[in-house]
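*Asks:* Submitted below is the structure of interest, expressed as structure tokens.
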Amino acid sequence: MPLGRAVHPLRHAVGAGRPAAPGRLVALALAAALAAVLTACSLPGRPSQPGTLTTVAGSGATGWLHGGYSGDAGPAAQARLNAPRSIAFSADGTLYIADTDNNRIRSVHPESGTINTVAGGGSEDWAQADSATAVALPEVTDLAVDPFGRVLYLASMLDNQVAAVDLHTGRIEILAGRLDGTAADTRDSVDSATTGLWWPSGIDVGPNGTLYIADSGNRRILAVSPDHLRYDGRLRPDSVRVIAGTGAETPSGSDGGNGGPATEATFGELGRITVARDGTVYVVDGRRRLRSIDPYRHTIHDAWTGRLPPTPDAMAVDPREGTLYVADAATHRAIGFVPGRQDPYVVAGTGDPGFSEDGTPAEEALLHAPGGIALSPSGDLYIADTHNQRVRRIPDIRALTPDPAH
């Protein structure tokens, strides 16, 4: 069966004059300084010191089951969230949050810090509705935004579907998976890329707009080319392809085809997926194993295997420096993997669950089951502090990255 309905086409002074008097220049300078101070104060979550943790979204009681819902059209830091997990950024700096237990996707404006709902909160089946805010969202497992800021993708493992929200029109469509949400076992199917999904565990978008889906139940990775955005109707078969995996489970003692063609590789249980700026695809494969797919040779290899947490909850790659950031809910930490450095380093969290106030140094701060992580276009690292019902920020994370030689 085809992958479902496709996304509808997207809709996409300074003047010269006479010299100012000295007194006027002083007044202008003071006004400019005051404006700069006010602007800095108005930016959401602006920390007082580098390397400290600050809240950009979420308020209220901390701890598991203490979430709530409120705050649309107001400051994000005063809104209530309920188990925020996956987070993602668009190119303009808009933050998208999977407000999981509120069954909503919230957005935070990069300049005003205002929060709003962009999907969920309604009562219609997301496979039947037109407006994203009219749907009753299922549990959203992962988020991704295309590099042009046109489309927000939502993956639901439980519903075996990936949906697409047109950020210009607010329309929502089921892009991949059966419309009724049933799982499709395509491991033995030749035309496996267009017959459905089974347990999509992660999604991400490459630099050219290609959407990658970790189809965990079918042990394959799919790529949906960006030309689906220009096609009105169902996805063309040539818009979707398998880029890795035969559908078979990796036999005991096997390396799963490392060094060979990615399409001939085998996997265990696929987890989260992320894509680097050069197009390298990283995907979690079973416990403590990360594999990478070379975008030019189309081969598969191990990456940092053995040093990952057992089951990473979220991943993000720094597009400039290549550092891989991982959120690990089980150890209440965020961890960084620097290219050329053998051992990972702790970005945030002590390993104990809890809550730390804003201004606490990140490596000394308590997190509680962080379930999401993302790097902003400006280089700040954001962490979904899931059971503290907040999204936290560490500014200019690159300045804190350890030297690869150490």
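For the structure tokens, the naming scheme is as follows: chains receive sequential letters (A, B, ...) according to their order of presentation, residues are indexed from 1 within each chain, and ligands are indexed from 1 in presentation order.
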Which neighbours of Val347 of chain A fall inside 8 Å, counting only C-alpha atoms, when residues of the same chain fewer than 5 positions from it are skipped, and could you give them as a ChimeraX atom specification?
*Replies:* /A:333-336,362-363
*Asks:* Those same residues, written as a PDB file, in the first residue's frame with N, CA and C atoms?
*Replies:*
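The result, written out as part_15.pdb:
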```
ATOM      1  N   ARG A 333      21.410  12.608  32.238  1.00  0.00           N
ATOM      2  CA  ARG A 333      22.539  13.389  31.744  1.00  0.00           C
ATOM      3  C   ARG A 333      22.390  13.704  30.260  1.00  0.00           C
ATOM      4  N   ALA A 334      23.124  14.732  29.836  1.00  0.00           N
ATOM      5  CA  ALA A 334      23.394  14.975  28.425  1.00  0.00           C
ATOM      6  C   ALA A 334      24.893  14.787  28.228  1.00  0.00           C
ATOM      7  N   ILE A 335      25.259  14.093  27.142  1.00  0.00           N
ATOM      8  CA  ILE A 335      26.644  13.691  26.915  1.00  0.00           C
ATOM      9  C   ILE A 335      27.079  14.167  25.542  1.00  0.00           C
ATOM     10  N   GLY A 336      28.370  14.511  25.417  1.00  0.00           N
ATOM     11  CA  GLY A 336      28.917  14.942  24.143  1.00  0.00           C
ATOM     12  C   GLY A 336      30.004  14.015  23.647  1.00  0.00           C
ATOM     13  N   ALA A 362      26.061  23.806  34.216  1.00  0.00           N
ATOM     14  CA  ALA A 362      25.369  22.668  33.614  1.00  0.00           C
ATOM     15  C   ALA A 362      25.880  21.335  34.123  1.00  0.00           C
ATOM     16  N   GLU A 363      27.213  21.202  34.260  1.00  0.00           N
ATOM     17  CA  GLU A 363      27.748  19.907  34.684  1.00  0.00           C
ATOM     18  C   GLU A 363      27.462  19.610  36.152  1.00  0.00           C
TER      19      GLU A 363
END
```
*Asks:* Set the distance at 12 Å and use only C-alpha atoms: which residues neighbour Ile87 of chain A once local chain neighbours fewer than 3 positions away are removed? I'd like the list as a PyMOL selection string.
*Replies:* chain A and resi 57+83-84+90+94-100+105-108+140-145+152-154+203-204+313-316+327+370-376+381-386+390-393
*Asks:* Those residues with N, CA and C atoms, as a tab-separated table (two decimals), in the first residue's frame please?
*Replies:*
```tsv
chain	number	residue	atom	x	y	z
A	57	ALA	N	11.43	27.34	28.45
A	57	ALA	CA	10.01	27.00	28.37
A	57	ALA	C	9.65	26.09	29.53
A	83	ALA	N	5.58	16.69	30.39
A	83	ALA	CA	6.52	15.69	29.86
A	83	ALA	C	7.03	16.06	28.47
A	84	PRO	N	7.67	17.23	28.30
A	84	PRO	CA	8.25	17.57	27.00
A	84	PRO	C	9.38	16.61	26.66
A	90	SER	N	13.83	25.17	13.65
A	90	SER	CA	13.82	25.56	12.24
A	90	SER	C	15.00	26.51	12.02
A	94	THR	N	13.14	29.18	15.47
A	94	THR	CA	11.92	28.76	16.17
A	94	THR	C	12.13	27.38	16.78
A	95	LEU	N	11.78	27.26	18.04
A	95	LEU	CA	11.90	26.00	18.76
A	95	LEU	C	10.56	25.28	18.75
A	96	TYR	N	10.58	23.99	18.40
A	96	TYR	CA	9.38	23.16	18.43
A	96	TYR	C	9.54	22.10	19.52
A	97	ILE	N	8.49	21.93	20.30
A	97	ILE	CA	8.52	21.05	21.47
A	97	ILE	C	7.39	20.04	21.37
A	98	ALA	N	7.72	18.78	21.50
A	98	ALA	CA	6.69	17.75	21.64
A	98	ALA	C	6.23	17.75	23.10
A	99	ASP	N	5.12	18.42	23.35
A	99	ASP	CA	4.55	18.50	24.69
A	99	ASP	C	3.73	17.23	24.88
A	100	THR	N	4.46	16.16	25.19
A	100	THR	CA	3.97	14.80	24.96
A	100	THR	C	2.66	14.48	25.66
A	105	ILE	N	2.02	19.93	19.96
A	105	ILE	CA	3.33	20.44	19.57
A	105	ILE	C	3.28	21.93	19.81
A	106	ARG	N	4.23	22.44	20.57
A	106	ARG	CA	4.28	23.87	20.89
A	106	ARG	C	5.47	24.50	20.16
A	107	SER	N	5.34	25.76	19.82
A	107	SER	CA	6.44	26.50	19.20
A	107	SER	C	6.80	27.69	20.08
A	108	VAL	N	8.09	28.03	20.08
A	108	VAL	CA	8.57	29.19	20.83
A	108	VAL	C	9.24	30.14	19.86
A	140	VAL	N	3.66	11.60	20.21
A	140	VAL	CA	4.68	11.90	19.21
A	140	VAL	C	6.04	11.45	19.74
A	141	THR	N	6.69	10.60	18.96
A	141	THR	CA	7.97	10.02	19.36
A	141	THR	C	9.14	10.94	19.00
A	142	ASP	N	9.07	11.57	17.84
A	142	ASP	CA	10.20	12.38	17.38
A	142	ASP	C	9.69	13.50	16.49
A	143	LEU	N	10.50	14.57	16.41
A	143	LEU	CA	10.21	15.75	15.59
A	143	LEU	C	11.37	16.03	14.66
A	144	ALA	N	11.09	16.67	13.54
A	144	ALA	CA	12.14	17.17	12.66
A	144	ALA	C	11.55	18.30	11.82
A	145	VAL	N	12.39	19.27	11.47
A	145	VAL	CA	11.96	20.39	10.64
A	145	VAL	C	12.85	20.43	9.40
A	152	LEU	N	7.09	20.68	9.26
A	152	LEU	CA	7.39	20.04	10.53
A	152	LEU	C	6.93	18.59	10.43
A	153	TYR	N	7.84	17.66	10.67
A	153	TYR	CA	7.52	16.23	10.60
A	153	TYR	C	7.34	15.68	12.01
A	154	LEU	N	6.34	14.80	12.17
A	154	LEU	CA	6.03	14.18	13.45
A	154	LEU	C	5.99	12.67	13.27
A	203	ILE	N	13.16	10.15	13.37
A	203	ILE	CA	13.18	10.83	12.09
A	203	ILE	C	14.17	12.00	12.17
A	204	ASP	N	14.71	12.37	11.02
A	204	ASP	CA	15.50	13.59	10.92
A	204	ASP	C	15.53	14.01	9.46
A	313	ASP	N	18.02	8.56	24.27
A	313	ASP	CA	16.66	9.04	24.06
A	313	ASP	C	16.56	10.09	22.96
A	314	ALA	N	17.66	10.77	22.67
A	314	ALA	CA	17.66	11.78	21.61
A	314	ALA	C	19.10	12.06	21.22
A	315	MET	N	19.30	12.51	19.97
A	315	MET	CA	20.64	12.84	19.48
A	315	MET	C	20.56	14.09	18.62
A	316	ALA	N	21.68	14.81	18.59
A	316	ALA	CA	21.82	15.98	17.70
A	316	ALA	C	23.28	16.13	17.34
A	327	ALA	N	21.00	12.80	24.68
A	327	ALA	CA	20.22	12.88	25.91
A	327	ALA	C	19.96	11.47	26.41
A	370	PRO	N	16.02	13.51	31.01
A	370	PRO	CA	15.99	14.33	29.79
A	370	PRO	C	15.69	13.48	28.56
A	371	GLY	N	14.65	13.89	27.80
A	371	GLY	CA	14.20	13.08	26.68
A	371	GLY	C	14.38	13.71	25.32
A	372	GLY	N	14.98	14.91	25.27
A	372	GLY	CA	15.17	15.57	23.99
A	372	GLY	C	16.39	16.45	24.02
A	373	ILE	N	16.99	16.67	22.84
A	373	ILE	CA	18.17	17.53	22.76
A	373	ILE	C	18.25	18.10	21.36
A	374	ALA	N	18.66	19.36	21.25
A	374	ALA	CA	18.76	20.01	19.94
A	374	ALA	C	19.71	21.19	20.03
A	375	LEU	N	20.35	21.49	18.92
A	375	LEU	CA	21.27	22.62	18.83
A	375	LEU	C	20.59	23.73	18.04
A	376	SER	N	20.57	24.92	18.60
A	376	SER	CA	19.95	26.05	17.91
A	376	SER	C	20.86	26.55	16.79
A	381	LEU	N	22.80	24.92	23.13
A	381	LEU	CA	22.27	23.56	23.27
A	381	LEU	C	21.02	23.59	24.13
A	382	TYR	N	19.95	22.97	23.64
A	382	TYR	CA	18.69	22.90	24.36
A	382	TYR	C	18.43	21.45	24.78
A	383	ILE	N	17.94	21.29	26.00
A	383	ILE	CA	17.68	19.97	26.57
A	383	ILE	C	16.24	19.94	27.08
A	384	ALA	N	15.48	18.93	26.67
A	384	ALA	CA	14.14	18.73	27.23
A	384	ALA	C	14.30	18.02	28.57
A	385	ASP	N	14.12	18.76	29.65
A	385	ASP	CA	14.23	18.24	31.01
A	385	ASP	C	12.87	17.66	31.37
A	386	THR	N	12.63	16.46	30.85
A	386	THR	CA	11.28	15.93	30.70
A	386	THR	C	10.48	15.89	31.99
A	390	ARG	N	10.20	21.13	31.73
A	390	ARG	CA	10.86	22.31	31.22
A	390	ARG	C	11.76	21.99	30.03
A	391	VAL	N	12.08	23.03	29.27
A	391	VAL	CA	13.17	22.96	28.30
A	391	VAL	C	14.24	23.92	28.77
A	392	ARG	N	15.48	23.42	28.89
A	392	ARG	CA	16.59	24.21	29.42
A	392	ARG	C	17.60	24.50	28.32
A	393	ARG	N	18.37	25.54	28.53
A	393	ARG	CA	19.36	25.95	27.54
A	393	ARG	C	20.74	26.13	28.14
```
*Asks:* Please list as a list of chain:residue names every residue within 8 Å of segment 211-214 of chain A, counting only C-alpha atoms and excluding residues in the same chain fewer than 5 positions away.
*Replies:*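 Once the nearby chain positions are removed, what remains is A:Asp146, A:Pro200, A:Ser201, A:Gly202, A:Ile203, A:Asp204, A:Val205, A:Gly206, A:Arg219, A:Arg220, A:Ile221, A:Leu222, A:Ala223, A:Val224, A:Ser225, A:Pro226, A:Leu270, A:Gly271, A:Arg272, A:Ile273, A:Val283.
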*Asks:* Give me the residues near Glu264 of chain A as an MDAnalysis selection string, where near means some atom within 9 Å (using only C-alpha atoms) and where sequence neighbours in that chain fewer than 4 positions away do not count.
*Replies:* chainID A and resid 244:246 256:257 260
*Asks:* Restricting it to C-alpha atoms, dump the selection as a PDB file, in the first residue's frame.
*Replies:*
```
ATOM      1  CA  ALA A 244      20.001   0.788   4.732  1.00  0.00           C
ATOM      2  CA  GLY A 245      18.923  -2.626   5.945  1.00  0.00           C
ATOM      3  CA  THR A 246      17.764  -5.873   4.406  1.00  0.00           C
ATOM      4  CA  GLY A 256      25.859  -6.529  10.727  1.00  0.00           C
ATOM      5  CA  GLY A 257      27.722  -5.861   7.504  1.00  0.00           C
ATOM      6  CA  GLY A 260      29.860  -3.010   3.176  1.00  0.00           C
TER       7      GLY A 260
END
```
*Asks:* Would you write out, as JSON lines, a table of all residues in segment 72-125 of chain A that have an atom no more than 10 Å from an atom of segment 165-188 of chain A, listing for each the closest atom pair and the distance in Å to one decimal, considering only C-alpha atoms and ordering rows by chain and rising residue number?
*Replies:*
```
{"residue": "A:Val118", "atom": "CA", "partner": "A:Gly170", "partner_atom": "CA", "distance": 7.5}
{"residue": "A:Ala119", "atom": "CA", "partner": "A:Val165", "partner_atom": "CA", "distance": 7.9}
{"residue": "A:Asp125", "atom": "CA", "partner": "A:Asp180", "partner_atom": "CA", "distance": 9.8}
```
*Asks:* Can you tell me which residues surround Gly259 of chain A at a distance of at most 9 Å, considering only C-alpha atoms, apart from same-chain residues fewer than 6 positions away, and format the answer as a VMD selection string?
*Replies:* chain A and resid 299 to 302
*Asks:* Can you pull out every residue within 10 Å of Pro50 of chain A, counting only C-alpha atoms, but drop anything in the same chain fewer than 4 positions away, and send it as number ranges by chain?
*Replies:* A: 359, 361-362, 394-397, 399-400
*Asks:* I need the chosen residues saved as a PDB file, in the first residue's frame, with N, CA and C atoms.
*Replies:*
```
ATOM      1  N   GLY A 359      20.883  29.214  36.405  1.00  0.00           N
ATOM      2  CA  GLY A 359      22.159  29.773  36.827  1.00  0.00           C
ATOM      3  C   GLY A 359      23.130  28.734  37.357  1.00  0.00           C
ATOM      4  N   PRO A 361      25.773  25.832  37.108  1.00  0.00           N
ATOM      5  CA  PRO A 361      26.639  25.292  36.051  1.00  0.00           C
ATOM      6  C   PRO A 361      26.089  23.967  35.540  1.00  0.00           C
ATOM      7  N   ALA A 362      26.061  23.806  34.216  1.00  0.00           N
ATOM      8  CA  ALA A 362      25.369  22.668  33.614  1.00  0.00           C
ATOM      9  C   ALA A 362      25.880  21.335  34.123  1.00  0.00           C
ATOM     10  N   ILE A 394      21.770  25.704  27.382  1.00  0.00           N
ATOM     11  CA  ILE A 394      23.169  25.999  27.705  1.00  0.00           C
ATOM     12  C   ILE A 394      23.697  26.863  26.570  1.00  0.00           C
ATOM     13  N   PRO A 395      24.038  28.118  26.834  1.00  0.00           N
ATOM     14  CA  PRO A 395      24.449  29.000  25.737  1.00  0.00           C
ATOM     15  C   PRO A 395      25.831  28.661  25.194  1.00  0.00           C
ATOM     16  N   ASP A 396      26.020  28.899  23.904  1.00  0.00           N
ATOM     17  CA  ASP A 396      27.312  28.790  23.227  1.00  0.00           C
ATOM     18  C   ASP A 396      28.048  27.519  23.633  1.00  0.00           C
ATOM     19  N   ILE A 397      27.428  26.381  23.350  1.00  0.00           N
ATOM     20  CA  ILE A 397      27.983  25.101  23.804  1.00  0.00           C
ATOM     21  C   ILE A 397      29.352  24.819  23.203  1.00  0.00           C
ATOM     22  N   ALA A 399      31.844  26.739  22.987  1.00  0.00           N
ATOM     23  CA  ALA A 399      32.896  27.308  23.827  1.00  0.00           C
ATOM     24  C   ALA A 399      33.274  26.374  24.967  1.00  0.00           C
ATOM     25  N   LEU A 400      32.402  25.425  25.282  1.00  0.00           N
ATOM     26  CA  LEU A 400      32.653  24.503  26.392  1.00  0.00           C
ATOM     27  C   LEU A 400      33.150  23.142  25.922  1.00  0.00           C
TER      28      LEU A 400
END
```
*Asks:* Do a neighbour search on Val317 of chain A at 10 Å with only C-alpha atoms, toss out local chain neighbours closer than 5 positions, and write the hits as JSON, numbers by chain.
*Replies:* {"A": [274, 275, 276, 277, 282, 322, 323, 324, 325, 326, 336, 337, 373, 374, 375]}
*Asks:* Go ahead and save the residues from that selection, with N, CA, C and O atoms, as a short mmCIF file (atom, residue, chain, number, x, y, z; two decimals), in the first residue's frame.
*Replies:*
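result.cif written:
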```cif
data_model
loop_
_atom_site.label_atom_id
_atom_site.label_comp_id
_atom_site.auth_asym_id
_atom_site.auth_seq_id
_atom_site.Cartn_x
_atom_site.Cartn_y
_atom_site.Cartn_z
N THR A 274 19.84 10.70 13.46
CA THR A 274 20.18 12.10 13.25
C THR A 274 21.10 12.20 12.04
O THR A 274 21.79 11.23 11.69
N VAL A 275 21.10 13.37 11.40
CA VAL A 275 21.85 13.56 10.15
C VAL A 275 22.79 14.73 10.31
O VAL A 275 22.39 15.81 10.76
N ALA A 276 24.06 14.53 9.93
CA ALA A 276 25.06 15.59 9.99
C ALA A 276 24.97 16.49 8.76
O ALA A 276 24.29 16.17 7.78
N ARG A 277 25.69 17.60 8.82
CA ARG A 277 25.63 18.57 7.72
C ARG A 277 26.13 17.99 6.40
O ARG A 277 25.68 18.38 5.33
N TYR A 282 23.41 8.99 11.23
CA TYR A 282 23.73 8.22 12.43
C TYR A 282 22.44 7.60 12.97
O TYR A 282 21.41 8.28 13.08
N GLY A 322 30.74 18.91 14.28
CA GLY A 322 30.53 17.47 14.22
C GLY A 322 30.35 16.79 15.55
O GLY A 322 30.24 15.56 15.60
N THR A 323 30.32 17.53 16.65
CA THR A 323 30.10 16.92 17.95
C THR A 323 28.70 16.32 18.02
O THR A 323 27.72 16.95 17.59
N LEU A 324 28.61 15.10 18.52
CA LEU A 324 27.32 14.44 18.70
C LEU A 324 26.88 14.61 20.14
O LEU A 324 27.61 14.28 21.07
N TYR A 325 25.67 15.13 20.32
CA TYR A 325 25.09 15.31 21.65
C TYR A 325 23.97 14.29 21.85
O TYR A 325 23.16 14.06 20.95
N VAL A 326 23.97 13.69 23.04
CA VAL A 326 23.02 12.62 23.35
C VAL A 326 22.31 12.94 24.66
O VAL A 326 22.96 13.34 25.64
N GLY A 336 28.37 14.51 25.42
CA GLY A 336 28.92 14.94 24.14
C GLY A 336 30.00 14.02 23.65
O GLY A 336 30.83 13.54 24.43
N PHE A 337 30.00 13.74 22.35
CA PHE A 337 31.03 12.93 21.69
C PHE A 337 31.73 13.81 20.68
O PHE A 337 31.14 14.21 19.67
N ILE A 373 16.99 16.67 22.84
CA ILE A 373 18.17 17.53 22.76
C ILE A 373 18.25 18.10 21.36
O ILE A 373 17.88 17.44 20.38
N ALA A 374 18.66 19.36 21.25
CA ALA A 374 18.76 20.01 19.94
C ALA A 374 19.71 21.19 20.03
O ALA A 374 19.86 21.81 21.10
N LEU A 375 20.35 21.49 18.92
CA LEU A 375 21.27 22.62 18.83
C LEU A 375 20.59 23.73 18.04
O LEU A 375 20.07 23.49 16.94
#
```
*Asks:* Based on the backbone DSSP call, show me all residues of segment 145-339 of chain A assigned helix (DSSP H, G or I), as number ranges by chain.
*Replies:* A: 192-194, 216-218, 226-230, 237-239, 262-264
*Asks:* Looking at only C-alpha atoms, which of A:His387, A:Trp304, A:Ser378, A:Thr54 is the one that sits closest to His332 of chain A?
*Replies:*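 Between A:His387, A:Trp304, A:Ser378, A:Thr54, the residue approaching His332 of chain A most closely is A:His387.
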*Asks:* Name the closest residue to Arg320 of chain A among the candidates A:Gln342, A:Ser356, A:Arg398, A:Phe89; distances are taken between atoms, counting only C-alpha atoms.
*Replies:* A:Arg398
*Asks:* Of the residues A:Pro312, A:Gly67, A:Ala164, A:Arg241, which is the one nearest to Ser131 of chain A, using only C-alpha atoms?
*Replies:*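 Of the candidates, the smallest distance to Ser131 of chain A is held by A:Ala164.
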*Asks:* So the first atom is atom CA of Pro310 of chain A and the second is atom CA of Arg287 of chain A; what is the distance between them in Å, to one decimal place?
*Replies:*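 Separating atom CA of Pro310 of chain A from atom CA of Arg287 of chain A is a distance of 4.7 Å.
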